[in-house]
file my_file27.cif (mmCIF, C-alpha atoms)
data_final
#
loop_
_atom_site.group_PDB
_atom_site.id
_atom_site.type_symbol
_atom_site.label_atom_id
_atom_site.label_comp_id
_atom_site.auth_asym_id
_atom_site.auth_seq_id
_atom_site.Cartn_x
_atom_site.Cartn_y
_atom_site.Cartn_z
ATOM 1 C CA MET A 13 0.000 0.000 0.000
ATOM 2 C CA LYS A 14 1.357 3.390 -0.871
ATOM 3 C CA ARG A 15 2.184 5.850 1.858
ATOM 4 C CA LYS A 16 -0.053 8.517 0.285
ATOM 5 C CA THR A 17 -3.050 6.201 0.550
ATOM 6 C CA ILE A 18 -2.398 5.544 4.226
ATOM 7 C CA PHE A 19 -1.937 9.258 4.907
ATOM 8 C CA GLY A 20 -5.138 10.029 3.008
ATOM 9 C CA VAL A 21 -7.154 7.530 5.020
ATOM 10 C CA ALA A 22 -5.643 8.812 8.263
ATOM 11 C CA LEU A 23 -6.432 12.419 7.318
ATOM 12 C CA ILE A 24 -10.037 11.584 6.515
ATOM 13 C CA CYS A 25 -10.337 9.782 9.829
ATOM 14 C CA VAL A 26 -8.895 12.703 11.752
ATOM 15 C CA LEU A 27 -11.275 15.114 10.063
ATOM 16 C CA CYS A 28 -14.230 12.887 10.840
ATOM 17 C CA SER A 29 -13.152 12.454 14.452
ATOM 18 C CA THR A 30 -13.157 16.218 15.016
ATOM 19 C CA ALA A 31 -16.707 16.663 13.749
ATOM 20 C CA PRO A 32 -19.355 17.828 16.198
ATOM 21 C CA LEU A 33 -21.996 15.449 17.494
ATOM 22 C CA ALA A 34 -22.868 12.449 15.347
ATOM 23 C CA THR A 35 -26.495 13.492 15.110
ATOM 24 C CA THR A 36 -27.656 11.474 12.128
ATOM 25 C CA ASP A 37 -27.849 7.767 11.556
ATOM 26 C CA ALA A 38 -25.986 8.235 8.269
ATOM 27 C CA GLU A 39 -23.098 9.994 9.998
ATOM 28 C CA GLN A 40 -22.984 7.356 12.731
ATOM 29 C CA ASP A 41 -22.922 4.627 10.080
ATOM 30 C CA ALA A 42 -20.142 6.399 8.176
ATOM 31 C CA LEU A 43 -18.007 6.789 11.303
ATOM 32 C CA GLU A 44 -18.549 3.139 12.236
ATOM 33 C CA LYS A 45 -17.494 2.185 8.691
ATOM 34 C CA ILE A 46 -14.278 4.191 9.119
ATOM 35 C CA VAL A 47 -13.528 2.312 12.351
ATOM 36 C CA ASP A 48 -14.080 -0.992 10.506
ATOM 37 C CA GLU A 49 -11.825 0.139 7.656
ATOM 38 C CA LEU A 50 -9.082 1.059 10.125
ATOM 39 C CA ASP A 51 -9.289 -2.477 11.519
ATOM 40 C CA GLN A 52 -8.862 -3.801 7.981
ATOM 41 C CA LEU A 53 -5.858 -1.519 7.448
ATOM 42 C CA ASN A 54 -4.156 -3.180 10.390
ATOM 43 C CA LYS A 55 -4.343 -6.513 8.558
ATOM 44 C CA LEU A 56 -2.674 -4.939 5.519
ATOM 45 C CA ILE A 57 -0.019 -3.363 7.738
ATOM 46 C CA ASP A 58 0.700 -6.757 9.313
ATOM 47 C CA LYS A 59 1.113 -8.273 5.848
ATOM 48 C CA ALA A 60 3.402 -5.474 4.680
ATOM 49 C CA GLU A 61 5.524 -5.829 7.808
ATOM 50 C CA ARG A 62 5.859 -9.605 7.308
ATOM 51 C CA GLU A 63 6.973 -9.014 3.721
ATOM 52 C CA SER A 64 9.437 -6.238 4.576
ATOM 53 C CA ASP A 65 13.192 -6.657 4.256
ATOM 54 C CA SER A 66 14.632 -6.608 7.773
ATOM 55 C CA THR A 67 18.137 -5.987 6.414
ATOM 56 C CA GLU A 68 17.314 -2.548 4.981
ATOM 57 C CA ARG A 69 19.280 0.317 6.476
ATOM 58 C CA VAL A 70 16.226 2.585 6.570
ATOM 59 C CA ARG A 71 13.160 0.723 7.736
ATOM 60 C CA PHE A 72 9.500 1.598 7.762
ATOM 61 C CA ARG A 73 8.219 1.956 11.339
ATOM 62 C CA TYR A 74 5.062 -0.116 11.300
ATOM 63 C CA ASP A 75 4.699 0.326 15.055
ATOM 64 C CA TRP A 76 4.506 4.108 14.623
ATOM 65 C CA LEU A 77 1.926 3.762 11.871
ATOM 66 C CA ARG A 78 -0.154 1.441 14.053
ATOM 67 C CA ARG A 79 0.074 3.981 16.894
ATOM 68 C CA ASP A 80 -1.197 6.812 14.694
ATOM 69 C CA LEU A 81 -4.040 4.740 13.289
ATOM 70 C CA LYS A 82 -5.003 3.663 16.809
ATOM 71 C CA LEU A 83 -5.127 7.312 17.897
ATOM 72 C CA VAL A 84 -7.436 8.099 14.972
ATOM 73 C CA LYS A 85 -9.606 5.050 15.623
ATOM 74 C CA ASP A 86 -9.815 5.777 19.359
ATOM 75 C CA GLY A 87 -10.815 9.379 18.637
ATOM 76 C CA ILE A 88 -13.628 8.280 16.367
ATOM 77 C CA GLN A 89 -14.760 5.551 18.735
ATOM 78 C CA ASP A 90 -14.699 7.977 21.668
ATOM 79 C CA HIS A 91 -16.918 10.351 19.696
ATOM 80 C CA LEU A 92 -19.331 7.521 18.872
ATOM 81 C CA ASP A 93 -19.442 6.301 22.470
ATOM 82 C CA VAL A 94 -19.693 9.675 24.214
ATOM 83 C CA PRO A 95 -20.510 12.560 21.876
ATOM 84 C CA SER A 96 -19.492 15.928 23.285
ATOM 85 C CA THR A 97 -19.690 19.498 22.172
ATOM 86 C CA GLU A 98 -16.475 20.240 24.047
ATOM 87 C CA PRO A 99 -13.195 19.990 22.121
ATOM 88 C CA LYS A 100 -10.854 17.220 23.188
ATOM 89 C CA THR A 101 -7.110 17.019 23.065
ATOM 90 C CA PHE A 102 -5.292 14.133 21.454
ATOM 91 C CA ASP A 103 -1.651 13.193 21.089
ATOM 92 C CA PRO A 104 -0.187 14.457 17.814
ATOM 93 C CA LEU A 105 0.257 11.999 14.966
ATOM 94 C CA LEU A 106 3.841 11.068 14.141
ATOM 95 C CA GLY A 107 3.373 11.179 10.375
ATOM 96 C CA ASP A 108 6.956 10.169 9.501
ATOM 97 C CA TYR A 109 7.415 6.406 9.510
ATOM 98 C CA ARG A 110 11.018 5.970 8.386
ATOM 99 C CA GLN A 111 13.912 5.331 10.669
#

call {"tool": "encode", "arguments": {"input": "my_file27.cif", "output": "structure tokens"}}
result
Amino acid sequence: MKRKTIFGVALICVLCSTAPLATTDAEQDALEKIVDELDQLNKLIDKAERESDSTERVRFRYDWLRRDLKLVKDGIQDHLDVPSTEPKTFDPLLGDYRQ
């Protein structure tokens, strides 16, 4: 999977997680779908990590990517579980996955 695709999905998830109350069934369904898609992304990340070359000098940090996606997923899930009109603070995303 290309890095741009992962960043795009993460960005969409972040934008959705900062929306005000999930007041419509359609919005709730869409946010739940994003959470499901993030779970599916983790399977693809696992596969990519298994197929990676561990001898490379610069390696992709799958653990950092998983952390960022978990932050996004948790933010969405928190909104679905306990909608609030008050802004919340979240840890910043890492965004750079090479080390």

call {"tool": "residues_around", "arguments": {"input": "my_file27.cif", "residues": "Leu50 in chain A", "least_positions_apart": "3", "cutoff": "8 Å", "atoms": "only C-alpha atoms", "output": "PDB file with C-alpha atoms, in the frame of the given file"}}
result
ATOM      1  CA  ILE A  46     -14.278   4.191   9.119  1.00  0.00           C
ATOM      2  CA  VAL A  47     -13.528   2.312  12.351  1.00  0.00           C
ATOM      3  CA  LEU A  53      -5.858  -1.519   7.448  1.00  0.00           C
ATOM      4  CA  ASN A  54      -4.156  -3.180  10.390  1.00  0.00           C
ATOM      5  CA  LEU A  81      -4.040   4.740  13.289  1.00  0.00           C
ATOM      6  CA  LYS A  85      -9.606   5.050  15.623  1.00  0.00           C
TER       7      LYS A  85
END

call {"tool": "resolve_selection", "arguments": {"input": "my_file27.cif", "expression": "the PyMOL selection byres ((chain A and resi 83) around 10)", "output": "tab-separated table (two decimals) with C-alpha atoms, in the coordinates of the input"}}
result
chain	number	residue	atom	x	y	z
A	22	ALA	CA	-5.64	8.81	8.26
A	25	CYS	CA	-10.34	9.78	9.83
A	26	VAL	CA	-8.90	12.70	11.75
A	77	LEU	CA	1.93	3.76	11.87
A	78	ARG	CA	-0.15	1.44	14.05
A	79	ARG	CA	0.07	3.98	16.89
A	80	ASP	CA	-1.20	6.81	14.69
A	81	LEU	CA	-4.04	4.74	13.29
A	82	LYS	CA	-5.00	3.66	16.81
A	84	VAL	CA	-7.44	8.10	14.97
A	85	LYS	CA	-9.61	5.05	15.62
A	86	ASP	CA	-9.82	5.78	19.36
A	87	GLY	CA	-10.82	9.38	18.64
A	88	ILE	CA	-13.63	8.28	16.37
A	89	GLN	CA	-14.76	5.55	18.74
A	102	PHE	CA	-5.29	14.13	21.45
A	103	ASP	CA	-1.65	13.19	21.09
A	104	PRO	CA	-0.19	14.46	17.81
A	105	LEU	CA	0.26	12.00	14.97

call {"tool": "residues_around", "arguments": {"input": "my_file27.cif", "residues": "Asp75 in chain A", "least_positions_apart": "5", "cutoff": "12 Å", "atoms": "all atoms listed in the file", "output": "list in words"}}
result
Asn54, Ile57, Asp58, Ala60, Glu61, Asp80, Leu81, Lys82, Leu106, Gly107, Asp108, Tyr109, Arg110 and Gln111 of chain A

call {"tool": "closest_residue", "arguments": {"input": "my_file27.cif", "among": "A:Lys55, A:Ala42, A:Arg62, A:Glu68", "to": "Leu92 in chain A", "atoms": "all atoms listed in the file"}}
result
A:Ala42

call {"tool": "atom_distance", "arguments": {"input": "my_file27.cif", "atom1": "CA of Gln52 in chain A", "atom2": "CA of Asp37 in chain A"}}
result
22.5 Å

call {"tool": "atom_distance", "arguments": {"input": "my_file27.cif", "atom1": "CA of Lys59 in chain A", "atom2": "CA of Leu43 in chain A"}}
result
24.9 Å

call {"tool": "atom_distance", "arguments": {"input": "my_file27.cif", "atom1": "CA of Glu63 in chain A", "atom2": "CA of Asp51 in chain A"}}
result
19.2 Å

call {"tool": "closest_residue", "arguments": {"input": "my_file27.cif", "among": "A:Ser66, A:Glu98, A:His91, A:Leu56", "to": "Glu39 in chain A", "atoms": "all atoms listed in the file"}}
result
A:His91
